[in-house]
$ cat input06.cif   # mmCIF, C-alpha atoms
data_coords
loop_
_atom_site.label_atom_id
_atom_site.label_comp_id
_atom_site.auth_asym_id
_atom_site.auth_seq_id
_atom_site.Cartn_x
_atom_site.Cartn_y
_atom_site.Cartn_z
CA MET A 27 -33.65 9.31 -1.33
CA GLN A 28 -30.68 8.47 -3.54
CA ASN A 29 -29.65 5.30 -1.67
CA LEU A 30 -33.16 3.83 -1.39
CA ILE A 31 -34.23 0.96 -3.67
CA LYS A 32 -38.01 0.78 -4.13
CA PRO A 33 -38.92 -2.44 -5.96
CA ALA A 34 -41.81 -1.94 -8.37
CA GLY A 35 -45.02 -3.61 -7.20
CA TYR A 36 -43.52 -4.61 -3.86
CA VAL A 37 -45.85 -6.35 -1.37
CA ASN A 38 -45.39 -8.05 1.98
CA VAL A 39 -45.78 -11.69 0.95
CA LEU A 40 -46.44 -12.62 4.58
CA GLY A 41 -49.55 -10.47 4.56
CA ASN A 42 -49.08 -8.35 7.66
CA VAL A 43 -46.65 -7.28 10.39
CA GLU A 44 -47.86 -9.94 12.85
CA ASN A 45 -47.00 -12.77 10.45
CA THR A 46 -43.65 -11.12 9.78
CA GLU A 47 -42.81 -11.02 13.49
CA LYS A 48 -43.70 -14.71 13.86
CA ALA A 49 -41.58 -15.61 10.85
CA ILE A 50 -38.61 -13.60 12.16
CA LYS A 51 -38.61 -15.61 15.39
CA LEU A 52 -38.91 -18.85 13.44
CA VAL A 53 -35.94 -18.01 11.21
CA LYS A 54 -33.75 -16.96 14.14
CA ASP A 55 -34.59 -20.01 16.24
CA MET A 56 -34.02 -22.44 13.38
CA PHE A 57 -30.86 -20.93 12.00
CA GLN A 58 -28.92 -20.56 15.23
CA ALA A 59 -29.71 -24.17 16.15
CA ASN A 60 -28.51 -25.33 12.72
CA LEU A 61 -25.40 -23.17 12.88
CA ALA A 62 -24.44 -24.44 16.34
CA ALA A 63 -24.87 -28.03 15.19
CA GLN A 64 -22.88 -27.56 11.98
CA LEU A 65 -19.89 -25.92 13.69
CA SER A 66 -20.06 -27.38 17.24
CA LEU A 67 -20.66 -24.02 18.88
CA LEU A 68 -21.63 -23.13 22.45
CA ARG A 69 -23.82 -20.08 22.95
CA VAL A 70 -22.22 -17.50 25.26
CA THR A 71 -23.23 -14.11 26.60
CA ALA A 72 -21.40 -11.20 24.99
CA PRO A 73 -20.75 -7.56 25.89
CA MET A 74 -22.32 -4.56 24.22
CA VAL A 75 -19.52 -2.29 25.50
CA VAL A 76 -15.76 -2.74 25.98
CA LEU A 77 -13.13 -0.51 27.54
CA LYS A 78 -11.34 1.80 25.16
CA GLY A 79 -7.64 1.06 24.68
CA THR A 80 -7.79 -2.71 25.09
CA GLY A 81 -7.80 -3.41 21.35
CA LEU A 82 -10.89 -5.59 21.71
CA ASN A 83 -13.24 -3.44 19.64
CA ASP A 84 -13.46 -3.95 15.90
CA ASP A 85 -12.00 -1.08 13.87
CA LEU A 86 -13.93 -2.16 10.74
CA ASN A 87 -12.32 -0.10 7.95
CA GLY A 88 -10.42 2.04 10.45
CA ILE A 89 -12.42 5.24 9.96
CA GLU A 90 -15.75 4.50 11.66
CA ARG A 91 -16.30 6.25 14.98
CA PRO A 92 -17.42 4.10 17.92
CA VAL A 93 -20.01 5.41 20.37
CA THR A 94 -17.88 6.42 23.38
CA PHE A 95 -18.85 7.39 26.91
CA PRO A 96 -17.24 7.69 30.38
CA ILE A 97 -18.11 5.29 33.21
CA LYS A 98 -18.85 7.31 36.34
CA ASP A 99 -18.05 4.57 38.86
CA MET A 100 -14.73 3.69 37.19
CA ASN A 101 -13.01 7.08 37.45
CA GLU A 102 -14.55 8.18 34.14
CA ALA A 103 -12.78 5.38 32.25
CA PRO A 104 -13.87 5.59 28.59
CA ALA A 105 -15.93 2.74 27.17
CA GLU A 106 -17.01 2.01 23.60
CA VAL A 107 -20.13 0.39 22.19
CA VAL A 108 -18.88 -2.51 20.09
CA HIS A 109 -18.76 -2.44 16.30
CA SER A 110 -18.51 -6.22 16.30
CA LEU A 111 -16.95 -8.94 18.44
CA ALA A 112 -14.29 -10.17 16.00
CA LYS A 113 -11.47 -9.96 18.56
CA TRP A 114 -13.44 -10.35 21.79
CA LYS A 115 -14.52 -13.86 20.74
CA ARG A 116 -10.95 -15.02 20.31
CA TYR A 117 -10.06 -13.65 23.72
CA LYS A 118 -13.10 -15.45 25.17
CA LEU A 119 -12.02 -18.76 23.63
CA TRP A 120 -8.64 -18.31 25.34
CA GLU A 121 -10.39 -17.73 28.68
CA LEU A 122 -12.54 -20.84 28.17
CA ARG A 123 -9.54 -22.94 27.09
CA THR A 124 -11.65 -24.25 24.22
CA ALA A 125 -10.23 -27.22 22.29
CA PRO A 126 -9.75 -27.25 18.50
CA GLY A 127 -12.91 -28.23 16.64
CA ARG A 128 -15.21 -26.42 19.06
CA GLY A 129 -16.26 -22.81 19.39
CA ILE A 130 -18.77 -20.22 20.54
CA TYR A 131 -21.50 -18.03 19.12
CA THR A 132 -23.44 -15.14 20.53
CA ASP A 133 -26.14 -12.60 19.80
CA MET A 134 -24.11 -9.51 18.99
CA ASN A 135 -25.78 -6.11 19.21
CA ALA A 136 -23.74 -3.15 18.01
CA LEU A 137 -24.04 0.48 17.00
CA ARG A 138 -22.37 1.90 13.90
CA PRO A 139 -23.42 5.55 13.71
CA ASP A 140 -21.32 6.24 10.61
CA GLU A 141 -23.24 3.79 8.40
CA GLU A 142 -24.85 5.25 5.27
CA LEU A 143 -28.50 4.31 5.75
CA ASP A 144 -30.20 2.43 2.93
CA ASN A 145 -32.16 -0.78 2.31
CA ILE A 146 -29.58 -3.02 3.97
CA HIS A 147 -27.58 -0.72 6.28
CA SER A 148 -28.71 0.50 9.70
CA ILE A 149 -26.95 2.13 12.63
CA TYR A 150 -28.11 -0.90 14.67
CA VAL A 151 -26.32 -4.14 13.84
CA ASP A 152 -27.45 -7.57 15.04
CA GLN A 153 -25.34 -10.59 14.18
CA TRP A 154 -24.66 -14.13 15.17
CA ASP A 155 -21.00 -13.65 15.92
CA TRP A 156 -19.19 -16.99 15.99
CA GLU A 157 -15.62 -18.19 16.49
CA ARG A 158 -14.08 -21.67 16.44
CA VAL A 159 -10.65 -22.89 17.54
CA ILE A 160 -8.56 -24.51 14.80
CA SER A 161 -5.17 -26.17 14.53
CA ARG A 162 -2.17 -24.74 12.68
CA GLU A 163 -2.81 -27.25 9.89
CA ASP A 164 -6.33 -25.85 9.39
CA ARG A 165 -5.04 -22.49 8.18
CA THR A 166 -5.78 -23.31 4.55
CA VAL A 167 -8.22 -22.26 1.85
CA ALA A 168 -9.52 -25.84 1.75
CA PHE A 169 -10.51 -25.64 5.42
CA LEU A 170 -12.06 -22.20 4.89
CA LYS A 171 -14.22 -23.63 2.10
CA LYS A 172 -15.24 -26.55 4.30
CA ILE A 173 -16.56 -24.20 6.99
CA VAL A 174 -18.29 -21.95 4.43
CA ARG A 175 -20.13 -24.97 3.04
CA ARG A 176 -21.34 -25.89 6.52
CA ILE A 177 -22.66 -22.39 7.11
CA TYR A 178 -24.34 -22.40 3.72
CA GLU A 179 -25.95 -25.74 4.58
CA ALA A 180 -27.39 -24.17 7.75
CA VAL A 181 -28.88 -21.38 5.61
CA LYS A 182 -30.30 -23.91 3.14
CA VAL A 183 -31.88 -26.04 5.88
CA THR A 184 -33.48 -22.93 7.38
CA GLU A 185 -34.84 -21.91 3.97
CA ASN A 186 -36.38 -25.35 3.49
CA LEU A 187 -37.92 -25.46 6.98
CA LEU A 188 -39.37 -22.00 6.43
CA TYR A 189 -41.00 -23.26 3.23
CA VAL A 190 -42.81 -25.96 5.25
CA GLU A 191 -44.37 -23.30 7.50
CA TYR A 192 -44.90 -20.65 4.80
CA PRO A 193 -45.48 -22.25 1.36
CA GLN A 194 -45.31 -18.85 -0.32
CA MET A 195 -41.60 -18.73 0.58
CA VAL A 196 -40.42 -20.96 -2.26
CA PRO A 197 -36.71 -21.86 -1.87
CA ILE A 198 -34.43 -20.10 -4.36
CA LEU A 199 -30.90 -20.89 -3.19
CA PRO A 200 -28.80 -23.21 -5.40
CA GLU A 201 -27.72 -26.58 -4.03
CA GLU A 202 -24.04 -25.63 -3.95
CA ILE A 203 -22.21 -22.42 -3.15
CA ARG A 204 -19.47 -21.36 -5.57
CA PHE A 205 -16.04 -19.92 -4.71
CA ILE A 206 -13.98 -17.26 -6.47
CA TYR A 207 -11.03 -15.11 -5.46
CA ALA A 208 -11.38 -11.34 -5.45
CA GLU A 209 -8.39 -11.20 -7.82
CA GLU A 210 -10.07 -13.65 -10.23
CA LEU A 211 -13.19 -11.50 -10.14
CA LEU A 212 -11.11 -8.43 -10.99
CA GLN A 213 -9.50 -10.24 -13.94
CA ARG A 214 -12.90 -11.40 -15.16
CA TYR A 215 -14.54 -7.97 -14.96
CA PRO A 216 -11.70 -5.38 -15.01
CA ASP A 217 -13.97 -2.53 -16.10
CA LEU A 218 -16.49 -2.97 -13.28
CA THR A 219 -16.39 -1.62 -9.74
CA PRO A 220 -16.12 -4.16 -6.88
CA LYS A 221 -19.84 -3.88 -6.14
CA GLU A 222 -20.72 -4.30 -9.82
CA ARG A 223 -18.50 -7.41 -9.92
CA GLU A 224 -20.36 -8.77 -6.90
CA ASP A 225 -23.71 -8.16 -8.61
CA ARG A 226 -22.53 -9.92 -11.76
CA VAL A 227 -21.15 -13.03 -10.05
CA ALA A 228 -24.00 -13.32 -7.53
CA ARG A 229 -26.58 -13.16 -10.32
CA GLU A 230 -24.65 -15.82 -12.24
CA TYR A 231 -24.14 -18.30 -9.37
CA GLY A 232 -26.99 -17.52 -6.95
CA ALA A 233 -24.64 -18.03 -3.98
CA VAL A 234 -20.93 -17.28 -3.97
CA PHE A 235 -18.05 -16.83 -1.54
CA ILE A 236 -15.46 -14.25 -2.58
CA ILE A 237 -12.04 -15.13 -1.13
CA GLY A 238 -9.33 -12.63 -0.25
CA ILE A 239 -10.95 -9.36 0.85
CA GLY A 240 -8.88 -6.64 2.45
CA GLY A 241 -5.54 -6.93 0.68
CA GLU A 242 -4.39 -4.97 -2.34
CA LEU A 243 -5.30 -6.53 -5.71
CA SER A 244 -3.39 -6.22 -8.98
CA ASP A 245 -5.08 -2.89 -9.75
CA GLY A 246 -3.62 -1.42 -6.55
CA ARG A 247 -6.91 -1.41 -4.65
CA ALA A 248 -8.65 -3.75 -2.22
CA HIS A 249 -11.94 -5.37 -3.17
CA ASP A 250 -13.33 -4.08 0.13
CA GLY A 251 -11.99 -2.92 3.47
CA ARG A 252 -10.89 -5.17 6.35
CA ALA A 253 -9.15 -4.34 9.59
CA ALA A 254 -5.56 -5.54 9.93
CA ASP A 255 -5.97 -7.42 13.19
CA TYR A 256 -8.61 -10.11 12.78
CA ASP A 257 -9.10 -11.61 9.28
CA ASP A 258 -6.00 -12.95 7.53
CA TRP A 259 -6.14 -11.32 4.09
CA SER A 260 -2.42 -11.46 3.30
CA THR A 261 -1.29 -15.09 3.65
CA PRO A 262 -0.99 -16.90 0.28
CA GLY A 263 -3.34 -19.85 -0.09
CA GLU A 264 -2.85 -23.13 -1.92
CA ASP A 265 -3.97 -21.58 -5.23
CA GLY A 266 -1.35 -18.83 -5.14
CA TYR A 267 -3.75 -16.00 -4.36
CA GLU A 268 -3.56 -14.08 -1.09
CA GLY A 269 -6.19 -14.28 1.60
CA LEU A 270 -7.82 -16.80 3.95
CA ASN A 271 -11.05 -14.84 4.39
CA GLY A 272 -14.01 -13.58 2.40
CA ASP A 273 -17.68 -12.66 2.06
CA LEU A 274 -20.68 -14.93 1.56
CA LEU A 275 -23.06 -13.40 -1.00
CA VAL A 276 -26.40 -14.48 -2.42
CA TRP A 277 -28.47 -13.03 -5.23
CA ASN A 278 -31.39 -11.03 -3.84
CA PRO A 279 -34.30 -11.13 -6.31
CA VAL A 280 -36.27 -8.45 -4.46
CA LEU A 281 -33.50 -5.85 -4.59
CA GLN A 282 -31.94 -7.25 -7.79
CA ARG A 283 -28.43 -7.10 -6.39
CA ALA A 284 -25.77 -9.09 -4.56
CA PHE A 285 -26.60 -9.46 -0.89
CA GLU A 286 -23.94 -10.09 1.77
CA LEU A 287 -25.00 -12.50 4.51
CA SER A 288 -21.65 -13.03 6.19
CA SER A 289 -18.12 -11.70 6.46
CA MET A 290 -15.74 -14.30 7.86
CA GLY A 291 -12.34 -15.89 7.68
CA ILE A 292 -9.37 -17.60 9.23
CA ARG A 293 -7.92 -15.14 11.72
CA VAL A 294 -4.41 -13.73 11.76
CA ASP A 295 -1.64 -15.66 13.41
CA GLU A 296 1.46 -13.95 14.81
CA LYS A 297 3.17 -13.55 11.43
CA ALA A 298 0.08 -12.33 9.60
CA LEU A 299 -0.67 -9.79 12.34
CA GLU A 300 2.87 -8.39 12.18
CA ARG A 301 2.67 -8.17 8.39
CA GLN A 302 -0.79 -6.61 8.20
CA LEU A 303 -0.15 -4.04 10.92
CA ALA A 304 2.97 -2.98 9.01
CA LEU A 305 1.05 -2.75 5.73
CA ARG A 306 -1.52 -0.47 7.39
CA GLY A 307 1.03 1.54 9.39
CA GLN A 308 -0.57 0.44 12.66
CA GLU A 309 2.38 -1.04 14.53
CA TYR A 310 1.35 1.00 17.57
CA LYS A 311 -1.43 -1.55 18.16
CA LYS A 312 1.17 -4.12 19.19
CA GLU A 313 1.13 -2.49 22.63
CA LEU A 314 -2.61 -3.14 23.15
CA LEU A 315 -3.77 -5.99 25.39
CA PHE A 316 -5.29 -8.16 22.67
CA HIS A 317 -2.42 -7.71 20.25
CA LYS A 318 0.26 -8.38 22.87
CA LYS A 319 -1.34 -11.69 23.78
CA LEU A 320 -1.70 -12.69 20.15
CA LEU A 321 1.90 -11.82 19.27
CA ALA A 322 3.08 -13.74 22.33
CA GLY A 323 1.31 -16.86 21.04
CA GLU A 324 -1.11 -16.96 23.96
CA LEU A 325 -4.37 -16.75 21.99
CA PRO A 326 -5.73 -19.77 20.11
CA LEU A 327 -5.76 -19.98 16.33
CA THR A 328 -9.32 -19.47 15.14
CA ILE A 329 -11.74 -19.05 12.30
CA GLY A 330 -14.80 -16.87 12.75
CA GLY A 331 -17.19 -14.30 11.43
CA GLY A 332 -20.51 -12.58 11.70
CA ILE A 333 -23.83 -13.55 10.13
CA GLY A 334 -26.38 -10.77 9.96
CA GLN A 335 -29.56 -11.70 11.80
CA SER A 336 -31.73 -9.01 10.23
CA ARG A 337 -29.97 -9.57 6.90
CA LEU A 338 -30.76 -13.29 6.89
CA CYS A 339 -34.38 -12.67 7.89
CA MET A 340 -34.68 -9.96 5.26
CA PHE A 341 -33.43 -12.30 2.54
CA LEU A 342 -35.43 -15.39 3.52
CA LEU A 343 -38.65 -13.43 4.13
CA ARG A 344 -38.30 -11.53 0.82
CA LYS A 345 -38.18 -8.08 2.41
CA ALA A 346 -37.14 -4.91 0.60
CA HIS A 347 -35.75 -3.03 3.62
CA ILE A 348 -33.92 -4.08 6.77
CA GLY A 349 -36.25 -1.75 8.68
CA GLU A 350 -39.04 -4.28 8.06
CA ILE A 351 -37.11 -6.67 10.32
CA GLN A 352 -35.50 -4.51 12.99
CA SER A 353 -36.50 -1.38 14.89
CA SER A 354 -33.99 1.40 14.25
CA ILE A 355 -33.76 5.09 13.37
CA TRP A 356 -34.44 6.26 9.83
CA PRO A 357 -34.64 9.70 8.20
CA ASP A 358 -38.18 11.05 7.89
CA ALA A 359 -37.77 11.26 4.12
CA MET A 360 -36.86 7.56 3.94
CA ARG A 361 -39.85 6.60 6.09
CA ALA A 362 -42.15 8.59 3.82
CA GLU A 363 -40.75 7.08 0.64
CA CYS A 364 -40.94 3.57 2.06
CA ALA A 365 -44.55 4.03 3.12
CA ALA A 366 -45.46 5.26 -0.37
CA ALA A 367 -43.74 2.17 -1.87
CA GLY A 368 -45.60 -0.30 0.39
CA ILE A 369 -42.58 -0.91 2.64
CA ASP A 370 -43.65 -0.91 6.30
CA LEU A 371 -40.75 0.06 8.58
CA VAL A 372 -41.19 -1.16 12.16
#

$ encode --input "input06.cif" --output "structure tokens"
Amino acid sequence: MQNLIKPAGYVNVLGNVENTEKAIKLVKDMFQANLAAQLSLLRVTAPMVVLKGTGLNDDLNGIERPVTFPIKDMNEAPAEVVHSLAKWKRYKLWELRTAPGRGIYTDMNALRPDEELDNIHSIYVDQWDWERVISREDRTVAFLKKIVRRIYEAVKVTENLLYVEYPQMVPILPEEIRFIYAEELLQRYPDLTPKEREDRVAREYGAVFIIGIGGELSDGRAHDGRAADYDDWSTPGEDGYEGLNGDLLVWNPVLQRAFELSSMGIRVDEKALERQLALRGQEYKKELLFHKKLLAGELPLTIGGGIGQSRLCMFLLRKAHIGEIQSSIWPDAMRAECAAAGIDLV
């Protein structure tokens, strides 16, 4: 299949599926404990479905179709399987009356049927979705970097603890994560596509956070898509570039490419939401429940994001395909090609 990467000489360094399953649990247990400690997060229970028309579901790039179905016992009211919990978490923090400096995280399970299936994309998405209340003064690039470094430290600690249990998993992450704006990356590599730029910078640094994803760059295009109503990708930061959000990437030696572990950012305030909805021609959303509360100043200011559970396990356990971590649906041709390449899909 065109989208499938089959690393030459690939082997399961954990030996068998049983060891892989044990290691998956170990990574998940260790990382979520580290993440909660780093960011002062309370674990909460989250929905898999939300009512259509509330504005709580994540629109992603605005073109992906949510799984929709009627609820018989609610007069056929339409519900949607979540794409992510980017906006639901902020609403939950308002309900909990959470103070600045504290937040929540949850096991988010979603369906994205429009994903193009390959080594790292599945129709089933599992994330640690997290959100933390901040003050108005925290809406800066400096604060964004501070939180990114804490998350990266949680990843590093997990990598080191995994090495104690499985000596064949030699740590590869650099001590420090680097930061670069999407606009700086464009200026550095103007002849490359956004994904090629990511590959180049991730290979160079080992771990990098690209700031300012979603807004239009100097070439008239965005580095990557972002919805208008959660991440703030339009507010100028201290360095003069736009955007208070970004992606955390590492270099994946198995796939030989940049590998996104997290998409996150400082969320829109009232002004940023107004501006971004206008830029996207989505002012109609101002009448939705979530957006009305935000524009009225009722919702807390927050920073948040999602960290892929299967993605993190895949990276730390040196897997070639996300289907070695999670049980999902794959084309028969992909299953056959993976089996021939020594990649065991669960």

$ atom_distance --input "input06.cif" --atom1 "atom CA of Asn271 of chain A" --atom2 "atom CA of Ser289 of chain A"
8.0 Å

$ closest_atom_pairs --input "input06.cif" --of "segment 101-146 of chain A" --to "segment 348-364 of chain A" --cutoff "9 Å" --atoms "all atoms listed in the file" --output "JSON lines"
{"residue": "A:Leu143", "atom": "CA", "partner": "A:Trp356", "partner_atom": "CA", "distance": 7.5}
{"residue": "A:Asp144", "atom": "CA", "partner": "A:Ile348", "partner_atom": "CA", "distance": 8.4}
{"residue": "A:Asn145", "atom": "CA", "partner": "A:Ile348", "partner_atom": "CA", "distance": 5.8}
{"residue": "A:Ile146", "atom": "CA", "partner": "A:Ile348", "partner_atom": "CA", "distance": 5.3}

$ resolve_selection --input "input06.cif" --expression "the PyMOL selection byres ((chain A and resi 210) around 12)" --output "ChimeraX atom specification"
/A:205-209,211-216,220,223-224,227,236-239,243-245,249,265-268

$ atom_distance --input "input06.cif" --atom1 "atom CA of Phe57 of chain A" --atom2 "atom CA of Pro92 of chain A"
29.0 Å

$ closest_residue --input "input06.cif" --among "A:Ile198, A:Val294, A:Ala125, A:Leu287" --to "Leu67 of chain A" --atoms "only C-alpha atoms"
A:Ala125

$ residues_around --input "input06.cif" --residues "segment 253-264 of chain A" --least-positions-apart "3" --cutoff "7 Å" --atoms "all atoms listed in the file" --output "mmCIF file with C-alpha atoms, in the frame of the given file"
data_model
loop_
_atom_site.group_PDB
_atom_site.id
_atom_site.type_symbol
_atom_site.label_atom_id
_atom_site.label_comp_id
_atom_site.auth_asym_id
_atom_site.auth_seq_id
_atom_site.Cartn_x
_atom_site.Cartn_y
_atom_site.Cartn_z
ATOM 1 C CA ASP A 85 -12.000 -1.080 13.870
ATOM 2 C CA LEU A 86 -13.930 -2.160 10.740
ATOM 3 C CA ASN A 87 -12.320 -0.100 7.950
ATOM 4 C CA GLY A 88 -10.420 2.040 10.450
ATOM 5 C CA ALA A 112 -14.290 -10.170 16.000
ATOM 6 C CA LYS A 113 -11.470 -9.960 18.560
ATOM 7 C CA THR A 166 -5.780 -23.310 4.550
ATOM 8 C CA VAL A 167 -8.220 -22.260 1.850
ATOM 9 C CA GLY A 238 -9.330 -12.630 -0.250
ATOM 10 C CA ILE A 239 -10.950 -9.360 0.850
ATOM 11 C CA GLY A 240 -8.880 -6.640 2.450
ATOM 12 C CA GLY A 241 -5.540 -6.930 0.680
ATOM 13 C CA TYR A 267 -3.750 -16.000 -4.360
ATOM 14 C CA GLU A 268 -3.560 -14.080 -1.090
ATOM 15 C CA GLY A 269 -6.190 -14.280 1.600
ATOM 16 C CA LEU A 270 -7.820 -16.800 3.950
ATOM 17 C CA ASN A 271 -11.050 -14.840 4.390
ATOM 18 C CA GLY A 291 -12.340 -15.890 7.680
ATOM 19 C CA ILE A 292 -9.370 -17.600 9.230
ATOM 20 C CA ARG A 293 -7.920 -15.140 11.720
ATOM 21 C CA VAL A 294 -4.410 -13.730 11.760
ATOM 22 C CA ALA A 298 0.080 -12.330 9.600
ATOM 23 C CA LEU A 299 -0.670 -9.790 12.340
ATOM 24 C CA GLN A 302 -0.790 -6.610 8.200
ATOM 25 C CA LEU A 303 -0.150 -4.040 10.920
ATOM 26 C CA ARG A 306 -1.520 -0.470 7.390
#

$ atom_distance --input "input06.cif" --atom1 "atom CA of Glu157 of chain A" --atom2 "atom CA of Gly129 of chain A"
5.5 Å

$ resolve_selection --input "input06.cif" --expression "the PyMOL selection byres ((chain A and resi 286) around 7)" --output "ChimeraX atom specification"
/A:273-276,284-285,287-288

$ residues_around --input "input06.cif" --residues "Arg283 of chain A" --least-positions-apart "2" --cutoff "6 Å" --atoms "all atoms listed in the file" --output "number ranges by chain"
A: 225, 278, 281

$ residues_around --input "input06.cif" --residues "Leu315 of chain A" --least-positions-apart "3" --cutoff "8 Å" --atoms "all atoms listed in the file" --output "list in words"
Thr80, Gly81, Lys318 and Lys319 of chain A

$ resolve_selection --input "input06.cif" --expression "the PyMOL selection byres ((chain A and resi 74) around 9)" --output "list of chain:residue names"
A:Ala72, A:Pro73, A:Val75, A:Val76, A:Glu106, A:Val107, A:Val108, A:His109, A:Ser110, A:Met134, A:Asn135, A:Ala136, A:Leu137

$ residues_around --input "input06.cif" --residues "Asn60 of chain A" --least-positions-apart "4" --cutoff "10 Å" --atoms "all atoms listed in the file" --output "list in words"
Lys54, Asp55, Met56, Gln64, Leu65, Ser66, Arg176, Ile177, Glu179, Ala180, Val181, Lys182, Val183 and Thr184 of chain A

$ closest_residue --input "input06.cif" --among "A:Pro33, A:Arg175, A:Asn42, A:Asp152" --to "Asp370 of chain A" --atoms "only C-alpha atoms"
A:Asn42

$ closest_residue --input "input06.cif" --among "A:Glu309, A:Glu300, A:Asp295, A:Glu191" --to "Asp164 of chain A" --atoms "all atoms listed in the file"
A:Asp295

$ axis_aligned_box --input "input06.cif" --around "segment 343-347 of chain A" --padding-each-side "6 Å" --output "JSON"
{"center_x": -37.2, "center_y": -8.2, "center_z": 2.4, "size_x": 14.9, "size_y": 22.4, "size_z": 15.5}

$ closest_residue --input "input06.cif" --among "A:Leu314, A:Ala63, A:Leu188, A:Ala228" --to "Ile50 of chain A" --atoms "all atoms listed in the file"
A:Leu188

$ closest_residue --input "input06.cif" --among "A:Leu327, A:Leu68, A:Ala168, A:Leu342" --to "Trp154 of chain A" --atoms "all atoms listed in the file"
A:Leu68

$ residues_near_point --input "input06.cif" --point "(-41.1, -17.8, 8.0)" --cutoff "6 Å" --atoms "all atoms listed in the file" --output "list in words"
Ala49, Leu52, Leu188 and Tyr192 of chain A

$ residues_near_point --input "input06.cif" --point "(-36.6, -7.9, -2.1)" --cutoff "9 Å" --atoms "all atoms listed in the file" --output "PyMOL selection string"
chain A and resi 33+36+278-282+340-341+343-347

$ build_atoms --input "input06.cif" --residues "segment 178-183 of chain A" --atoms "all heavy atoms" --output "PDB file, keeping the file's coordinate frame"
ATOM      1  N   TYR A 178     -23.362 -22.468   4.811  1.00  0.00           N
ATOM      2  CA  TYR A 178     -24.340 -22.400   3.720  1.00  0.00           C
ATOM      3  C   TYR A 178     -25.400 -23.488   3.881  1.00  0.00           C
ATOM      4  O   TYR A 178     -26.590 -23.264   3.619  1.00  0.00           O
ATOM      5  CB  TYR A 178     -23.636 -22.533   2.380  1.00  0.00           C
ATOM      6  CG  TYR A 178     -24.562 -22.366   1.188  1.00  0.00           C
ATOM      7  CD1 TYR A 178     -25.157 -21.135   0.929  1.00  0.00           C
ATOM      8  CD2 TYR A 178     -24.851 -23.434   0.340  1.00  0.00           C
ATOM      9  CE1 TYR A 178     -26.017 -20.974  -0.150  1.00  0.00           C
ATOM     10  CE2 TYR A 178     -25.696 -23.283  -0.738  1.00  0.00           C
ATOM     11  CZ  TYR A 178     -26.280 -22.051  -0.978  1.00  0.00           C
ATOM     12  OH  TYR A 178     -27.136 -21.883  -2.049  1.00  0.00           O
ATOM     13  N   GLU A 179     -24.996 -24.652   4.343  1.00  0.00           N
ATOM     14  CA  GLU A 179     -25.950 -25.740   4.580  1.00  0.00           C
ATOM     15  C   GLU A 179     -26.954 -25.337   5.661  1.00  0.00           C
ATOM     16  O   GLU A 179     -28.153 -25.642   5.556  1.00  0.00           O
ATOM     17  CB  GLU A 179     -25.218 -27.015   4.983  1.00  0.00           C
ATOM     18  CG  GLU A 179     -26.117 -28.215   5.220  1.00  0.00           C
ATOM     19  CD  GLU A 179     -26.868 -28.671   3.978  1.00  0.00           C
ATOM     20  OE1 GLU A 179     -26.414 -28.350   2.850  1.00  0.00           O
ATOM     21  OE2 GLU A 179     -27.911 -29.332   4.128  1.00  0.00           O
ATOM     22  N   ALA A 180     -26.482 -24.637   6.698  1.00  0.00           N
ATOM     23  CA  ALA A 180     -27.390 -24.170   7.750  1.00  0.00           C
ATOM     24  C   ALA A 180     -28.406 -23.174   7.183  1.00  0.00           C
ATOM     25  O   ALA A 180     -29.584 -23.179   7.567  1.00  0.00           O
ATOM     26  CB  ALA A 180     -26.603 -23.530   8.878  1.00  0.00           C
ATOM     27  N   VAL A 181     -27.967 -22.323   6.266  1.00  0.00           N
ATOM     28  CA  VAL A 181     -28.880 -21.380   5.610  1.00  0.00           C
ATOM     29  C   VAL A 181     -29.899 -22.141   4.764  1.00  0.00           C
ATOM     30  O   VAL A 181     -31.099 -21.852   4.789  1.00  0.00           O
ATOM     31  CB  VAL A 181     -28.108 -20.371   4.740  1.00  0.00           C
ATOM     32  CG1 VAL A 181     -29.073 -19.461   3.983  1.00  0.00           C
ATOM     33  CG2 VAL A 181     -27.172 -19.531   5.600  1.00  0.00           C
ATOM     34  N   LYS A 182     -29.419 -23.133   4.011  1.00  0.00           N
ATOM     35  CA  LYS A 182     -30.300 -23.910   3.140  1.00  0.00           C
ATOM     36  C   LYS A 182     -31.362 -24.673   3.948  1.00  0.00           C
ATOM     37  O   LYS A 182     -32.544 -24.696   3.571  1.00  0.00           O
ATOM     38  CB  LYS A 182     -29.474 -24.918   2.332  1.00  0.00           C
ATOM     39  CG  LYS A 182     -28.709 -24.312   1.187  1.00  0.00           C
ATOM     40  CD  LYS A 182     -29.557 -24.168  -0.060  1.00  0.00           C
ATOM     41  CE  LYS A 182     -30.042 -25.494  -0.550  1.00  0.00           C
ATOM     42  NZ  LYS A 182     -31.036 -25.324  -1.661  1.00  0.00           N
ATOM     43  N   VAL A 183     -30.940 -25.299   5.041  1.00  0.00           N
ATOM     44  CA  VAL A 183     -31.880 -26.040   5.880  1.00  0.00           C
ATOM     45  C   VAL A 183     -32.942 -25.100   6.431  1.00  0.00           C
ATOM     46  O   VAL A 183     -34.145 -25.429   6.450  1.00  0.00           O
ATOM     47  CB  VAL A 183     -31.134 -26.755   7.028  1.00  0.00           C
ATOM     48  CG1 VAL A 183     -32.117 -27.279   8.073  1.00  0.00           C
ATOM     49  CG2 VAL A 183     -30.296 -27.898   6.480  1.00  0.00           C
TER      50      VAL A 183
END
